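Novice: Can you keep this structure in mind? I'll have questions shortly.
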Amino acid sequence: MSGFTVERSDKDDISVLYISGFLDLHTVPKFEEAVQNLVNETHFKIIVNFQKLDYISSAGLGVFMGFIEEIREQEGDIVLCCMSDRVYKVFDLLGFPALFKIVSNEEEAMQKFNSAG
Amino acid sequence: MEKQKTRQFKLKVASSPENLGTIREFIHDISLNAGFDSETAGQIELAVDEACTNVIKHAHKYEYDKSIDLLVLLDAQKITVTITDRGLGFDVNKVAKPDLQKYIHEAKKGGLGIHLMRSLMDEVQFEFNPGVKNQVTMVKYFKNNK
């Protein structure tokens, strides 16, 4: 009940991070590093696909808060997609839907960037 | 009248992030076996994770040789989870409801855990005696007993 993986796939100028498993204080450095790498490479259009994520605590949510302003200042964004109801409820309890784009599938997430561009 | 029996469970682990999975499994299994539905067991599990994350980060400052004690009491009405540490306490009254907009502006990564604990559980109480014993006690009632 504690493994976590993150895989990256670049589609044109959009990078998708596929996260799976359990995102908590123990595993969050791996996710933080993946986002930091994108920022270092000036990849600011980011989709995080939650389809295979089983669990998230506030330690995981903190990563989004830590990076989002810097990424938006660079005309980018982090769009979140494919969350289970259980994971969405954690974001919802903390008011994230008002500040982050959370959509149901990856295609819709891609469209958020295409329509904004 | 027959006195209600209270069941008791204990777990003591090193204050390390890698033990959060073990803590969650412990709490989740007890909650499910006690009769909470899967969604509620998940809420209790997350609230306990948040409390232990606070202990590891703030009370023990990632000193892994320190320990976290969990005590779970189960009775017919509720589950009560008490988490004890012997690290630094903090003034819980200063922890307001998080202002996400402000946090984002400051690139602040923490401060959400206590709000989640209060949202997920029916009762949350803190007692601090820094360096001696700090405790957070959280209660969740069975739906028909709330």
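Labels used: A, B, ... for chains in the order of the structure tokens, numbers from 1 for residues in each chain, and numbers from 1 for ligands as shown.
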Find the residues of chain B in contact range of chain A, meaning any atom within 9 Å when counting only C-alpha atoms, and list them as a PyMOL selection string.
Specialist: chain B and resi 16-22+24-25+39+42+46-47+49-50+53+57+98+100-101+103-113+115-116+119-120
Novice: Just N, CA and C atoms for this one: save the residues we selected as an mmCIF file, in the first residue's frame.
Specialist:
data_model
loop_
_atom_site.group_PDB
_atom_site.id
_atom_site.type_symbol
_atom_site.label_atom_id
_atom_site.label_comp_id
_atom_site.auth_asym_id
_atom_site.auth_seq_id
_atom_site.Cartn_x
_atom_site.Cartn_y
_atom_site.Cartn_z
ATOM 1 N N SER B 16 8.929 7.622 10.430
ATOM 2 C CA SER B 16 9.525 7.701 9.093
ATOM 3 C C SER B 16 8.419 7.694 8.037
ATOM 4 N N PRO B 17 8.584 8.504 6.968
ATOM 5 C CA PRO B 17 7.547 8.528 5.923
ATOM 6 C C PRO B 17 7.260 7.153 5.338
ATOM 7 N N GLU B 18 8.274 6.276 5.318
ATOM 8 C CA GLU B 18 8.039 4.966 4.687
ATOM 9 C C GLU B 18 7.093 4.097 5.506
ATOM 10 N N ASN B 19 6.801 4.498 6.742
ATOM 11 C CA ASN B 19 5.853 3.728 7.559
ATOM 12 C C ASN B 19 4.406 4.177 7.383
ATOM 13 N N LEU B 20 4.184 5.232 6.585
ATOM 14 C CA LEU B 20 2.808 5.720 6.417
ATOM 15 C C LEU B 20 1.910 4.658 5.775
ATOM 16 N N GLY B 21 2.473 3.860 4.868
ATOM 17 C CA GLY B 21 1.691 2.791 4.233
ATOM 18 C C GLY B 21 1.226 1.771 5.261
ATOM 19 N N THR B 22 2.119 1.409 6.178
ATOM 20 C CA THR B 22 1.781 0.451 7.243
ATOM 21 C C THR B 22 0.698 1.028 8.158
ATOM 22 N N ARG B 24 -1.537 3.317 7.380
ATOM 23 C CA ARG B 24 -2.818 3.384 6.658
ATOM 24 C C ARG B 24 -3.493 2.020 6.599
ATOM 25 N N GLU B 25 -2.677 0.994 6.335
ATOM 26 C CA GLU B 25 -3.228 -0.357 6.244
ATOM 27 C C GLU B 25 -3.834 -0.776 7.588
ATOM 28 N N GLU B 39 -15.756 3.884 1.749
ATOM 29 C CA GLU B 39 -15.493 5.322 1.618
ATOM 30 C C GLU B 39 -15.108 5.933 2.971
ATOM 31 N N GLY B 42 -11.740 4.912 4.130
ATOM 32 C CA GLY B 42 -10.754 5.709 3.407
ATOM 33 C C GLY B 42 -10.577 7.093 4.014
ATOM 34 N N LEU B 46 -7.131 8.510 5.661
ATOM 35 C CA LEU B 46 -6.492 9.749 5.208
ATOM 36 C C LEU B 46 -6.272 10.710 6.376
ATOM 37 N N ALA B 47 -7.265 10.829 7.271
ATOM 38 C CA ALA B 47 -7.116 11.731 8.424
ATOM 39 C C ALA B 47 -5.936 11.296 9.292
ATOM 40 N N ASP B 49 -3.319 9.484 8.285
ATOM 41 C CA ASP B 49 -2.111 9.772 7.490
ATOM 42 C C ASP B 49 -1.714 11.232 7.683
ATOM 43 N N GLU B 50 -2.687 12.146 7.592
ATOM 44 C CA GLU B 50 -2.388 13.583 7.725
ATOM 45 C C GLU B 50 -1.811 13.901 9.115
ATOM 46 N N THR B 53 1.699 12.478 9.214
ATOM 47 C CA THR B 53 2.566 13.307 8.360
ATOM 48 C C THR B 53 2.998 14.565 9.117
ATOM 49 N N LYS B 57 6.875 15.479 9.964
ATOM 50 C CA LYS B 57 7.454 16.717 9.431
ATOM 51 C C LYS B 57 7.723 17.758 10.507
ATOM 52 N N PRO B 98 -7.260 26.978 5.301
ATOM 53 C CA PRO B 98 -6.270 27.417 4.309
ATOM 54 C C PRO B 98 -6.845 28.331 3.237
ATOM 55 N N LEU B 100 -6.174 29.004 -0.261
ATOM 56 C CA LEU B 100 -5.412 28.395 -1.353
ATOM 57 C C LEU B 100 -4.760 29.425 -2.266
ATOM 58 N N GLN B 101 -5.521 30.485 -2.544
ATOM 59 C CA GLN B 101 -5.001 31.520 -3.442
ATOM 60 C C GLN B 101 -3.695 32.098 -2.894
ATOM 61 N N TYR B 103 -1.740 30.624 -0.631
ATOM 62 C CA TYR B 103 -0.732 29.569 -0.591
ATOM 63 C C TYR B 103 -0.045 29.430 -1.956
ATOM 64 N N ILE B 104 -0.876 29.501 -3.014
ATOM 65 C CA ILE B 104 -0.325 29.367 -4.359
ATOM 66 C C ILE B 104 0.631 30.518 -4.646
ATOM 67 N N HIS B 105 0.222 31.705 -4.243
ATOM 68 C CA HIS B 105 1.051 32.882 -4.473
ATOM 69 C C HIS B 105 2.389 32.750 -3.756
ATOM 70 N N GLU B 106 2.357 32.132 -2.583
ATOM 71 C CA GLU B 106 3.593 31.975 -1.798
ATOM 72 C C GLU B 106 4.300 30.655 -2.133
ATOM 73 N N ALA B 107 3.761 29.895 -3.088
ATOM 74 C CA ALA B 107 4.289 28.564 -3.425
ATOM 75 C C ALA B 107 4.422 27.708 -2.167
ATOM 76 N N LYS B 108 3.452 27.841 -1.272
ATOM 77 C CA LYS B 108 3.466 27.102 -0.009
ATOM 78 C C LYS B 108 2.926 25.694 -0.251
ATOM 79 N N LYS B 109 3.647 24.709 0.263
ATOM 80 C CA LYS B 109 3.278 23.327 -0.054
ATOM 81 C C LYS B 109 2.529 22.636 1.080
ATOM 82 N N GLY B 110 2.508 23.225 2.268
ATOM 83 C CA GLY B 110 1.877 22.541 3.400
ATOM 84 C C GLY B 110 0.688 23.316 3.932
ATOM 85 N N GLY B 111 0.216 22.921 5.105
ATOM 86 C CA GLY B 111 -0.852 23.664 5.771
ATOM 87 C C GLY B 111 -2.237 23.142 5.507
ATOM 88 N N LEU B 112 -2.344 22.080 4.706
ATOM 89 C CA LEU B 112 -3.672 21.573 4.352
ATOM 90 C C LEU B 112 -4.128 20.425 5.243
ATOM 91 N N GLY B 113 -3.190 19.773 5.903
ATOM 92 C CA GLY B 113 -3.487 18.535 6.623
ATOM 93 C C GLY B 113 -4.514 18.680 7.732
ATOM 94 N N HIS B 115 -6.784 20.957 8.119
ATOM 95 C CA HIS B 115 -8.104 21.237 7.552
ATOM 96 C C HIS B 115 -8.756 19.947 7.055
ATOM 97 N N LEU B 116 -7.960 19.087 6.407
ATOM 98 C CA LEU B 116 -8.492 17.797 5.944
ATOM 99 C C LEU B 116 -8.952 16.939 7.127
ATOM 100 N N SER B 119 -12.174 18.127 8.331
ATOM 101 C CA SER B 119 -13.262 17.893 7.365
ATOM 102 C C SER B 119 -13.689 16.432 7.343
ATOM 103 N N LEU B 120 -12.712 15.540 7.537
ATOM 104 C CA LEU B 120 -12.981 14.115 7.354
ATOM 105 C C LEU B 120 -13.533 13.435 8.606
#
Novice: What lies within 10 Å of Leu38 in chain A using only C-alpha atoms, ignoring chain neighbours under 5 positions off, as a list of chain:residue names?
Specialist: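 What passes the distance filter is A:Arg8, A:Ser15, A:Leu17, A:Glu33, A:His43, A:Phe44, A:Lys45, A:Ile46, A:Ile71.
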Novice: Counting only C-alpha atoms, which residue out of B:Asp37, B:Glu127, B:Asp122, B:Glu63 sits closest to Thr80 in chain B?
Specialist: B:Asp122
Novice: Smallest atom-to-atom distance to Val79 in chain A: which of A:Val48, A:Leu53, A:Ile19, A:Asn105, using only C-alpha atoms?
Specialist: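 Answer, going by the shortest atom-to-atom distance: A:Val48.
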Novice: For the atom pair CA of Gly21 in chain A and CA of Thr5 in chain A, what is the interatomic distance in Å to one decimal place?
Specialist: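 These atoms are spaced 6.6 Å apart.
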